[in-house]
Amino acid sequence: MYNFKEIEKKWQDFWDKDETYKVEEDDSKEKFYTLVEFPYPSGAGLHVGHVKGQTAVDVFARFKRLKGYNVLNSMGWDAFGLPAENFAIKNKKHPGIFTQENINNFRRQIKSFGPSFDWSREIDTTDPNYYKWTQWIFLQLFEMGLAYEKEAPINWCPSCKTGLANEEVVDGKCERCDSLVEQKNMKQWFLKITDYAEELITDLNDLNWPEYIKTSQKNWIGKSEGAEIDFSVKDSDIKIRVFTTRIDTIFGCTYVVIAPESKILLQLEYKIENKDELNEYLEKIKNKSDLERTDLNKDKSGVKIEGVKAINPFNNEEVDIFIADYVLASYGTGAVMAVPAHDERDFEFAKKYDLEIKTVITKEKDIDNSISCYTEDGHLLNSLEFTGMNSSQARSRMIEFGEGKGFVQRKINYKLRDWLFSRQRYWGEPIPIIKCSSCGNVPLEKSDLPLVLPEVENYEPSGNGESPLANIDSWVNVKCPKCGGDAKRETNTMPQWAGSSWYFLRYIDPKNQEELASAENLKKFMPVDIYFGGAEHTTVHLLYSRFWNKALCNKGIVPVSEPYKRRVQHGLILAEDGRKMSKRWGNVINPDDVISEYGADVMRLYIMFMGPYGDTSAWATSGINGISRFVNKVWNLTEKEITEDESDKETLNILHKTIKKVGEDIENISFHTAISQLMILLNHLSVKEKINKELVNIFAKLLSPFTPHLSEELFSLMGGIGSIFKSSWPEYSEDLIKDEKVKIAVQINGKLRDTLEVDFDSEESFVVELAKNSELVKRWIEGKDIIKIIFIKNKLLSIVIKQ
RNA sequence: GCCGCGGUGGCGGAACUGGUAGACGCGCUGGACUUAAAAUCCAGUGAUAGCGAUAUCGUGGGAGUUCGAUUCUCCCCCGCGGCACCA
């Protein structure tokens with residue numbers, strides 16, 4: 001019986017002492033940078049989901065090491081965050097204490113399943129030596145004009161008492177605590193991610209990422225190309241600028257709509273005749289929650305502005321102006337031209353308020369067949385000189401025409417908003433800015449970093465938009481570094497996403513005191529060759545960190561514009577009952593328990609065997625038993641007679657097929673099929689009485705990415721010296737993969753009637769003769785005309801007969 | 001609504017550029033070992049009919065292309081994920 005407890009411990013100790021996974025200084029070897037998302041060290045401990053990602057990166061890293069690469073594979077802690085802070089509030093203890101305890105527990109748990117991380121490079125985002133550089137990067141962004149302060153309506157979570165980025169609001173609720181998010185006007189720090197919107201889209205093209213992640217990111221950034229058109233307000237100099245992607249429908253515009261929060265209203269104010277009615281409406285809107293406002297099913301409402309008319313510059317027609325909350329102030333210009341005949345929303349609104357609907361696009365040329373709303377492209381009607389053109393033609397002609405006259409501008413809009421970057425909480429990186437009444441926002445000097453998070457008495461957020469740091473007068477009140485006058489520190493902290501936006505750079509040179517990482521090392525190791533992680537980061541972390549990397553690249557700090565060459569995401573592991581694992585259901589699988597019952601190798605192998613890596617699958621105790629059987633059977637090979645005698649041809653054939661398939665499958669992240677091939681090989685070997693020593697060695701190597709402890713033990717039993725991971729991946733021989741005999745399928749009119757065993761590469765004439773003599777075939781073709789014979793070497797013979 | 005992915009035995013899932021559907025694992029059935037059980041080992045296992053050789057059906061449904069379709073084309077149904085009043 002395989003004693004996993006003893007053997008796993010033995011090799012884990014060996015790896016620690018041997019520093020087996022330390023990145024080598026050897027420059028002759030090509031680098032390979034494997035990365036897995038570093039965990040937030042929660043109080044709940046390691047989840048099997050973490051194990052899945054960390055095992056996958058480990059399989060890949062070990063494989064690449066054996067393939068001769070100098071592999072960088074490390075681990076760290078994304079340790080700022082709300083749970084630690086909430087713990088601190090409740091227990092009146094520093095969140096760092098709780099965080100350290102959790103980190104220690106996570107480290108122990110991760111080490112207990114034996115992944116090959118270079119622990120000498122471990123990082124922790126809450127360590128001042130780390131966040132010094134997070135702050136430094138902020139200052140670079142500030143210097144580049146990419147970090148700015150602005151008073152704006154922001155997403156505010158009343159329960160977490162902090163502002164949130166757009167990416168942290170899901171269905172109008174706080175991603176963390178599910179409270180309804182409110183809009184609050186506050187002066188806040190933003191990062192100008194929108195400057196990179198275009199690059200963030202186009203550079204996706206060259207990345208080896210799953211298509212669905214690319215589309216998700218594109219959708220999130222939401223590029224749309226169109227034009228801005230100026231409508232002038234009758235009897236005034238005021239212009240209302242609208243954004244549209246469908247300038248081809250301009251002649252169907254029967255009114256203009258302004259968002260309730262739009263600043264244009266102030267300009268128009270002196271002309272408005274129904275101010276009371278408008279104010280009443282605005283008041284009503286204000287009281288609606290964001291969720292209510294964006295509910296698609298809600299009735300559209302609005303109010304006509306009396307006394308003011310807008311003029312369509314294309315035909316000089318006068319149209320009415322409305323304010324309505326179906327138009328968003330935050331997108332485009334905050335105003336739209338309404339074309340009810342060709343836009344669903346405008347159509348709905350026009351129906352409700354009985355407004356004119358004017359058809360200008362038809363599906364078929366010159367035929368007005370539209371009864372309701374037609375939103376597709378088509379041919380123009382009633383559009384003066386543009387009549388008869390198709391939509392796309394009309395769009396470019398109209399833009400040219402309008403640009404010539406000065407009332408149209410080509411414009412690209414993005415849904416992506418700037419990243420709200422300040423949080424009114426304690427447990428985050430302090431923003432390294434001093435606010436001086438005469439000099440404005442003054443950045444700290446590099447030599448003043450890290451700006452260490454000070455001790456406070458009370459970790460509770462004030463709720464009034466100030467972080468707990470604001471209460472420490474001695475920390476807040478400083479002299480302005482520029483003018484020497486009285487000044488105050490910025491008291492907001494950075495969001496949790498900050499530390500994780502660049503951690504992959506720090507692994508490369510984690511102890512560097514002078515730079516975030518040396519240029520030389522960055523050049524050597526960037527980009528990350530393969531990045532494993534979870535689906536929840538498709539549009540948040542992945543987008544933020546690409547942005548930071550791009551900004552740093554523009555500053556000449558990072559040598560590559562895209563940080564992650566290849567991205568692989570894993571599917572969830574559900575509980576045995578098919579539900580999500582949760583304390584509430586009491587169905588959580590704790591890796592500690594699995595390891596003590598079955599061993600680390602069995603857990604790793606099982607998780608990799610559960611199904612396709614990207615798929616969701618449910619934990620099955622019976623399944624893990626099967627893997628346990630497999631591991632014991634592998635061990636039983638050592639009880640056979642180990643010889644130097646050569647293996648038989650069939651064995652070599654299967655062995656070499658396995659070498660080929662396991663290598664290819666690991667490369668393609670098809671771990672479960674790699675393992676099934678290893679099972680096929682084992683099933684073949686299990687019935688033998690004697691077994692070749694070298695064959696055991698090769699088998700151990702093929703298994704080693706999945707079951708490193710077992711493989712080390714086998715390797716050393718077979719006389720290997722040192723770690724198996726310092727050896728090399730076996731090569732396969734094409735000759736040995738070829739089968740000597742092959743089975744050929746014989747089909748008659750497409751139906752399988754017989755299989756013939758023949759020599760490899762047998763000729764058509766030979767196989768046809770053989771088939772014609774087969775009783776099973778004779779039965780079907782006797783007395784029939786053969787119309788056609790299709791022969792594919794080593795595969796099949798298809799005979800077509802006349803019925 | 002839009003975009004993306006998927007639907008294969010009792011279950012997880014295999015199947016290369018169209019070429020023997022169901023690899024591998026689980027489960028189940030029978031047998032060996034055992035006083036017995038567990039563990040282990042051996043054999044079987046898509047459905048239907050047949051003692052069997054074998055035949056027919058079979059990859060969500062319907063049509064099509066083809067000697068041949070899980071794979072390609074069109075239509076439809078269902079499930080999952082993302083986005084969603086973005087003009």
# chains A, B, ... in the order shown; residues from 1 in each chain; ligands from 1
$ interface_residues --of "chain A" --to "chain B" --cutoff "6 Å" --atoms "only C-alpha atoms (C1' of nucleotides)" --output "compact mmCIF listing (two decimals) with all heavy atoms, in the first residue's frame"
# COMPACT_ATOMS: atom_id res chain seq x y z
N TYR A 212 -14.25 34.19 -25.82
CA TYR A 212 -15.32 34.79 -25.02
C TYR A 212 -14.81 35.88 -24.08
O TYR A 212 -15.53 36.82 -23.76
CB TYR A 212 -16.10 33.71 -24.24
CG TYR A 212 -15.42 33.14 -23.03
CD1 TYR A 212 -15.68 33.66 -21.76
CD2 TYR A 212 -14.53 32.09 -23.13
CE1 TYR A 212 -15.06 33.14 -20.64
CE2 TYR A 212 -13.90 31.57 -22.02
CZ TYR A 212 -14.17 32.09 -20.78
OH TYR A 212 -13.54 31.59 -19.67
N THR A 244 -25.07 60.34 -32.31
CA THR A 244 -25.84 59.27 -32.95
C THR A 244 -24.93 58.35 -33.75
O THR A 244 -23.89 58.79 -34.27
CB THR A 244 -26.93 59.83 -33.88
OG1 THR A 244 -27.65 58.74 -34.44
CG2 THR A 244 -26.34 60.67 -35.01
N TYR A 326 -34.88 58.36 -20.01
CA TYR A 326 -34.30 57.24 -20.75
C TYR A 326 -33.02 57.65 -21.46
O TYR A 326 -32.32 56.80 -22.02
CB TYR A 326 -35.33 56.58 -21.70
CG TYR A 326 -35.64 57.28 -23.01
CD1 TYR A 326 -34.92 56.99 -24.17
CD2 TYR A 326 -36.70 58.16 -23.10
CE1 TYR A 326 -35.24 57.58 -25.38
CE2 TYR A 326 -37.03 58.77 -24.31
CZ TYR A 326 -36.30 58.48 -25.46
OH TYR A 326 -36.62 59.06 -26.64
N LYS A 415 -18.44 52.97 -23.85
CA LYS A 415 -19.24 52.82 -22.63
C LYS A 415 -18.35 52.85 -21.39
O LYS A 415 -18.78 53.16 -20.30
CB LYS A 415 -20.00 51.48 -22.66
CG LYS A 415 -21.18 51.51 -23.60
CD LYS A 415 -22.10 50.34 -23.31
CE LYS A 415 -21.84 49.23 -24.27
NZ LYS A 415 -22.81 48.13 -24.12
N GLY A 623 -15.61 9.47 -7.56
CA GLY A 623 -14.59 9.78 -8.56
C GLY A 623 -13.21 9.83 -7.94
O GLY A 623 -12.23 9.34 -8.52
N SER A 676 -6.29 10.31 -18.86
CA SER A 676 -6.91 9.08 -19.34
C SER A 676 -5.92 8.25 -20.16
O SER A 676 -5.92 7.03 -20.11
CB SER A 676 -8.20 9.37 -20.11
OG SER A 676 -7.95 9.65 -21.44
N ALA A 745 -12.09 -0.42 -41.31
CA ALA A 745 -13.55 -0.53 -41.31
C ALA A 745 -14.01 -0.74 -42.74
O ALA A 745 -13.54 -0.06 -43.64
CB ALA A 745 -14.16 0.73 -40.74
N ASN A 749 -22.43 1.03 -48.53
CA ASN A 749 -23.38 2.14 -48.56
C ASN A 749 -23.42 2.89 -47.23
O ASN A 749 -24.47 3.23 -46.72
CB ASN A 749 -24.78 1.65 -48.94
CG ASN A 749 -24.88 1.37 -50.44
OD1 ASN A 749 -23.88 1.52 -51.15
ND2 ASN A 749 -26.05 1.00 -50.90
N GLY A 750 -22.23 3.11 -46.71
CA GLY A 750 -22.13 3.94 -45.51
C GLY A 750 -22.35 3.22 -44.21
O GLY A 750 -22.20 3.80 -43.14
N VAL A 800 -19.69 1.21 -52.45
CA VAL A 800 -21.03 1.70 -52.78
C VAL A 800 -21.64 0.77 -53.81
O VAL A 800 -21.05 0.52 -54.86
CB VAL A 800 -20.97 3.13 -53.36
CG1 VAL A 800 -22.37 3.68 -53.53
CG2 VAL A 800 -20.15 4.02 -52.45
$ residues_around --residues "Phe525 of chain A" --least-positions-apart "2" --cutoff "9 Å" --atoms "only C-alpha atoms (C1' of nucleotides)" --output "MDAnalysis selection string"
chainID A and resid 31:33 72 505 508 520:523 527:529
$ select_by_dssp --residues "segment 264-410 of chain A" --states "helix (DSSP H, G or I)" --output "PyMOL selection string"
chain A and resi 264-271+275-286+290-294+344-353+384-386+391-405
$ closest_residue --among "A:Asn274, A:Gly334, A:Arg410, A:Asn382" --to "Glu228 of chain A" --atoms "only C-alpha atoms"
A:Arg410
$ atom_distance --atom1 "atom CA of Cys439 of chain A" --atom2 "atom CA of Gln135 of chain A"
20.4 Å
$ closest_residue --among "A:Lys223, A:Lys488, A:Arg584, A:His342" --to "Lys411 of chain A" --atoms "only C-alpha atoms"
A:Lys223
$ select_by_dssp --residues "segment 648-772 of chain A" --states "strand (DSSP E or B)" --output "number ranges by chain"
A: 690-692, 741-748, 751-759
$ atom_distance --atom1 "atom CA of Asn683 of chain A" --atom2 "atom CA of Lys633 of chain A"
8.9 Å
$ residues_around --residues "segment 659-666 of chain A" --least-positions-apart "3" --cutoff "7 Å" --atoms "only C-alpha atoms (C1' of nucleotides)" --output "VMD selection string"
chain A and resid 60 655 to 656 669 to 671 673 to 674 702 730 to 732
$ write_last_selection --atoms "all heavy atoms" --output "mmCIF file, in the first residue's frame"
data_model
loop_
_atom_site.group_PDB
_atom_site.id
_atom_site.type_symbol
_atom_site.label_atom_id
_atom_site.label_comp_id
_atom_site.auth_asym_id
_atom_site.auth_seq_id
_atom_site.Cartn_x
_atom_site.Cartn_y
_atom_site.Cartn_z
ATOM 1 N N PHE A 60 1.530 22.922 -15.465
ATOM 2 C CA PHE A 60 2.149 23.576 -16.616
ATOM 3 C C PHE A 60 3.605 23.949 -16.329
ATOM 4 O O PHE A 60 4.484 23.739 -17.155
ATOM 5 C CB PHE A 60 1.339 24.824 -16.996
ATOM 6 C CG PHE A 60 1.347 25.083 -18.461
ATOM 7 C CD1 PHE A 60 0.432 24.462 -19.290
ATOM 8 C CD2 PHE A 60 2.290 25.934 -19.028
ATOM 9 C CE1 PHE A 60 0.449 24.683 -20.658
ATOM 10 C CE2 PHE A 60 2.315 26.154 -20.397
ATOM 11 C CZ PHE A 60 1.392 25.535 -21.211
ATOM 12 N N LEU A 655 3.537 3.215 -25.011
ATOM 13 C CA LEU A 655 4.347 4.177 -24.255
ATOM 14 C C LEU A 655 4.600 5.436 -25.083
ATOM 15 O O LEU A 655 4.407 6.561 -24.606
ATOM 16 C CB LEU A 655 5.678 3.541 -23.853
ATOM 17 C CG LEU A 655 6.638 4.482 -23.121
ATOM 18 C CD1 LEU A 655 6.113 4.797 -21.729
ATOM 19 C CD2 LEU A 655 8.035 3.900 -23.038
ATOM 20 N N HIS A 656 5.001 5.231 -26.319
ATOM 21 C CA HIS A 656 5.341 6.400 -27.136
ATOM 22 C C HIS A 656 4.118 7.211 -27.536
ATOM 23 O O HIS A 656 4.165 8.436 -27.614
ATOM 24 C CB HIS A 656 6.203 5.987 -28.329
ATOM 25 C CG HIS A 656 7.624 5.742 -27.917
ATOM 26 N ND1 HIS A 656 8.650 6.602 -28.179
ATOM 27 C CD2 HIS A 656 8.160 4.736 -27.166
ATOM 28 C CE1 HIS A 656 9.763 6.146 -27.632
ATOM 29 N NE2 HIS A 656 9.489 5.002 -27.016
ATOM 30 N N ILE A 669 -3.972 22.402 -22.430
ATOM 31 C CA ILE A 669 -4.822 22.464 -21.228
ATOM 32 C C ILE A 669 -5.964 21.439 -21.313
ATOM 33 O O ILE A 669 -7.118 21.723 -21.018
ATOM 34 C CB ILE A 669 -5.400 23.884 -20.979
ATOM 35 C CG1 ILE A 669 -4.341 24.950 -21.207
ATOM 36 C CG2 ILE A 669 -5.967 24.018 -19.569
ATOM 37 C CD1 ILE A 669 -3.176 24.909 -20.246
ATOM 38 N N SER A 670 -5.627 20.247 -21.798
ATOM 39 C CA SER A 670 -6.622 19.183 -21.796
ATOM 40 C C SER A 670 -6.122 18.116 -20.834
ATOM 41 O O SER A 670 -5.712 17.027 -21.225
ATOM 42 C CB SER A 670 -6.781 18.628 -23.215
ATOM 43 O OG SER A 670 -7.771 17.636 -23.222
ATOM 44 N N PHE A 671 -6.129 18.503 -19.558
ATOM 45 C CA PHE A 671 -5.520 17.649 -18.542
ATOM 46 C C PHE A 671 -6.242 16.318 -18.390
ATOM 47 O O PHE A 671 -5.628 15.287 -18.181
ATOM 48 C CB PHE A 671 -5.486 18.370 -17.195
ATOM 49 C CG PHE A 671 -4.745 19.685 -17.228
ATOM 50 C CD1 PHE A 671 -5.324 20.834 -16.714
ATOM 51 C CD2 PHE A 671 -3.474 19.772 -17.775
ATOM 52 C CE1 PHE A 671 -4.647 22.047 -16.738
ATOM 53 C CE2 PHE A 671 -2.788 20.981 -17.812
ATOM 54 C CZ PHE A 671 -3.376 22.118 -17.286
ATOM 55 N N THR A 673 -7.773 14.444 -20.525
ATOM 56 C CA THR A 673 -7.467 13.441 -21.552
ATOM 57 C C THR A 673 -6.021 12.949 -21.422
ATOM 58 O O THR A 673 -5.725 11.804 -21.731
ATOM 59 C CB THR A 673 -7.721 13.984 -22.972
ATOM 60 O OG1 THR A 673 -7.034 15.227 -23.126
ATOM 61 C CG2 THR A 673 -9.201 14.193 -23.227
ATOM 62 N N ALA A 674 -5.144 13.836 -20.942
ATOM 63 C CA ALA A 674 -3.768 13.396 -20.678
ATOM 64 C C ALA A 674 -3.798 12.276 -19.638
ATOM 65 O O ALA A 674 -3.137 11.250 -19.781
ATOM 66 C CB ALA A 674 -2.929 14.567 -20.182
ATOM 67 N N LEU A 702 6.106 11.226 -16.957
ATOM 68 C CA LEU A 702 4.852 11.632 -17.601
ATOM 69 C C LEU A 702 3.796 11.994 -16.559
ATOM 70 O O LEU A 702 2.970 12.858 -16.766
ATOM 71 C CB LEU A 702 4.330 10.510 -18.502
ATOM 72 C CG LEU A 702 5.207 10.159 -19.690
ATOM 73 C CD1 LEU A 702 4.620 8.983 -20.459
ATOM 74 C CD2 LEU A 702 5.394 11.353 -20.620
ATOM 75 N N PRO A 730 10.554 13.086 -21.560
ATOM 76 C CA PRO A 730 10.922 12.072 -22.558
ATOM 77 C C PRO A 730 10.512 12.462 -23.978
ATOM 78 O O PRO A 730 9.544 13.182 -24.166
ATOM 79 C CB PRO A 730 10.156 10.833 -22.094
ATOM 80 C CG PRO A 730 9.105 11.307 -21.182
ATOM 81 C CD PRO A 730 9.588 12.582 -20.571
ATOM 82 N N GLU A 731 11.276 11.976 -24.934
ATOM 83 C CA GLU A 731 10.957 12.225 -26.340
ATOM 84 C C GLU A 731 10.280 10.977 -26.888
ATOM 85 O O GLU A 731 10.566 9.874 -26.462
ATOM 86 C CB GLU A 731 12.244 12.431 -27.148
ATOM 87 C CG GLU A 731 13.154 13.493 -26.597
ATOM 88 C CD GLU A 731 12.996 14.809 -27.329
ATOM 89 O OE1 GLU A 731 12.386 14.800 -28.423
ATOM 90 O OE2 GLU A 731 13.458 15.839 -26.796
ATOM 91 N N TYR A 732 9.388 11.173 -27.842
ATOM 92 C CA TYR A 732 8.782 9.989 -28.453
ATOM 93 C C TYR A 732 9.360 9.756 -29.834
ATOM 94 O O TYR A 732 9.930 10.657 -30.449
ATOM 95 C CB TYR A 732 7.262 10.112 -28.532
ATOM 96 C CG TYR A 732 6.760 11.246 -29.387
ATOM 97 C CD1 TYR A 732 6.559 11.082 -30.755
ATOM 98 C CD2 TYR A 732 6.473 12.475 -28.820
ATOM 99 C CE1 TYR A 732 6.089 12.129 -31.541
ATOM 100 C CE2 TYR A 732 6.013 13.524 -29.586
ATOM 101 C CZ TYR A 732 5.829 13.350 -30.953
ATOM 102 O OH TYR A 732 5.386 14.382 -31.716
#
$ decode --residues "segment 589-681 of chain A" --atoms "C-alpha atoms" --output "compact mmCIF listing (two decimals), in the first residue's frame"
# COMPACT_ATOMS: atom_id res chain seq x y z
CA ILE A 589 -14.96 20.52 0.64
CA ASN A 590 -11.89 21.47 2.63
CA PRO A 591 -8.59 20.64 0.88
CA ASP A 592 -7.05 19.80 4.27
CA ASP A 593 -9.53 16.95 4.74
CA VAL A 594 -9.04 15.63 1.21
CA ILE A 595 -5.26 15.62 1.64
CA SER A 596 -5.33 13.81 4.94
CA GLU A 597 -7.73 11.19 3.64
CA TYR A 598 -6.37 10.60 0.13
CA GLY A 599 -3.11 12.52 -0.14
CA ALA A 600 -2.06 15.55 -2.11
CA ASP A 601 -1.31 13.69 -5.34
CA VAL A 602 -4.74 12.08 -5.42
CA MET A 603 -6.44 15.43 -4.83
CA ARG A 604 -4.41 17.11 -7.56
CA LEU A 605 -4.94 14.30 -10.03
CA TYR A 606 -8.64 14.10 -9.28
CA ILE A 607 -9.22 17.83 -9.73
CA MET A 608 -7.37 17.73 -13.03
CA PHE A 609 -9.37 14.68 -14.13
CA MET A 610 -12.85 15.94 -13.23
CA GLY A 611 -13.60 17.21 -16.70
CA PRO A 612 -12.48 19.82 -19.23
CA TYR A 613 -10.53 22.44 -17.31
CA GLY A 614 -12.78 25.32 -18.27
CA ASP A 615 -16.01 23.50 -17.42
CA THR A 616 -17.99 23.57 -14.23
CA SER A 617 -18.14 20.19 -12.55
CA ALA A 618 -19.39 18.75 -9.30
CA TRP A 619 -17.21 17.09 -6.68
CA ALA A 620 -17.75 13.32 -6.56
CA THR A 621 -16.38 11.18 -3.77
CA SER A 622 -16.72 8.07 -5.93
CA GLY A 623 -14.59 9.78 -8.56
CA ILE A 624 -11.81 10.52 -6.15
CA ASN A 625 -11.86 6.86 -5.08
CA GLY A 626 -11.16 5.89 -8.66
CA ILE A 627 -8.13 8.15 -8.74
CA SER A 628 -6.97 6.73 -5.45
CA ARG A 629 -7.13 3.25 -7.00
CA PHE A 630 -5.11 4.49 -9.94
CA VAL A 631 -2.36 5.90 -7.71
CA ASN A 632 -2.13 2.64 -5.78
CA LYS A 633 -1.91 0.67 -9.00
CA VAL A 634 0.94 2.88 -10.13
CA TRP A 635 2.68 2.15 -6.86
CA ASN A 636 2.12 -1.56 -7.38
CA LEU A 637 4.39 -1.41 -10.41
CA THR A 638 7.29 -1.23 -7.98
CA GLU A 639 6.34 -4.66 -6.65
CA LYS A 640 6.87 -6.26 -10.04
CA GLU A 641 10.17 -7.63 -11.16
CA ILE A 642 12.15 -4.65 -12.43
CA THR A 643 14.40 -5.66 -15.29
CA GLU A 644 16.78 -4.23 -17.82
CA ASP A 645 15.13 -6.38 -20.52
CA GLU A 646 13.63 -4.42 -23.35
CA SER A 647 9.91 -3.95 -23.38
CA ASP A 648 7.88 -5.66 -26.06
CA LYS A 649 6.83 -3.80 -29.17
CA GLU A 650 3.22 -3.28 -28.15
CA THR A 651 4.28 -1.80 -24.85
CA LEU A 652 6.69 0.57 -26.56
CA ASN A 653 3.97 1.52 -29.01
CA ILE A 654 1.58 2.49 -26.21
CA LEU A 655 4.35 4.18 -24.25
CA HIS A 656 5.34 6.40 -27.14
CA LYS A 657 1.77 7.26 -27.98
CA THR A 658 1.39 8.28 -24.35
CA ILE A 659 4.49 10.46 -24.40
CA LYS A 660 3.11 12.24 -27.44
CA LYS A 661 -0.42 12.65 -26.17
CA VAL A 662 0.40 13.71 -22.62
CA GLY A 663 2.76 16.41 -23.88
CA GLU A 664 0.28 17.75 -26.40
CA ASP A 665 -2.63 17.62 -24.00
CA ILE A 666 -0.81 19.52 -21.27
CA GLU A 667 0.16 22.16 -23.80
CA ASN A 668 -3.51 22.44 -24.82
CA ILE A 669 -4.82 22.46 -21.23
CA SER A 670 -6.62 19.18 -21.80
CA PHE A 671 -5.52 17.65 -18.54
CA HIS A 672 -8.30 15.10 -18.24
CA THR A 673 -7.47 13.44 -21.55
CA ALA A 674 -3.77 13.40 -20.68
CA ILE A 675 -4.65 11.53 -17.52
CA SER A 676 -6.91 9.08 -19.34
CA GLN A 677 -4.01 8.21 -21.64
CA LEU A 678 -1.82 7.60 -18.60
CA MET A 679 -4.53 5.24 -17.34
CA ILE A 680 -4.47 3.36 -20.62
CA LEU A 681 -0.73 2.90 -20.30
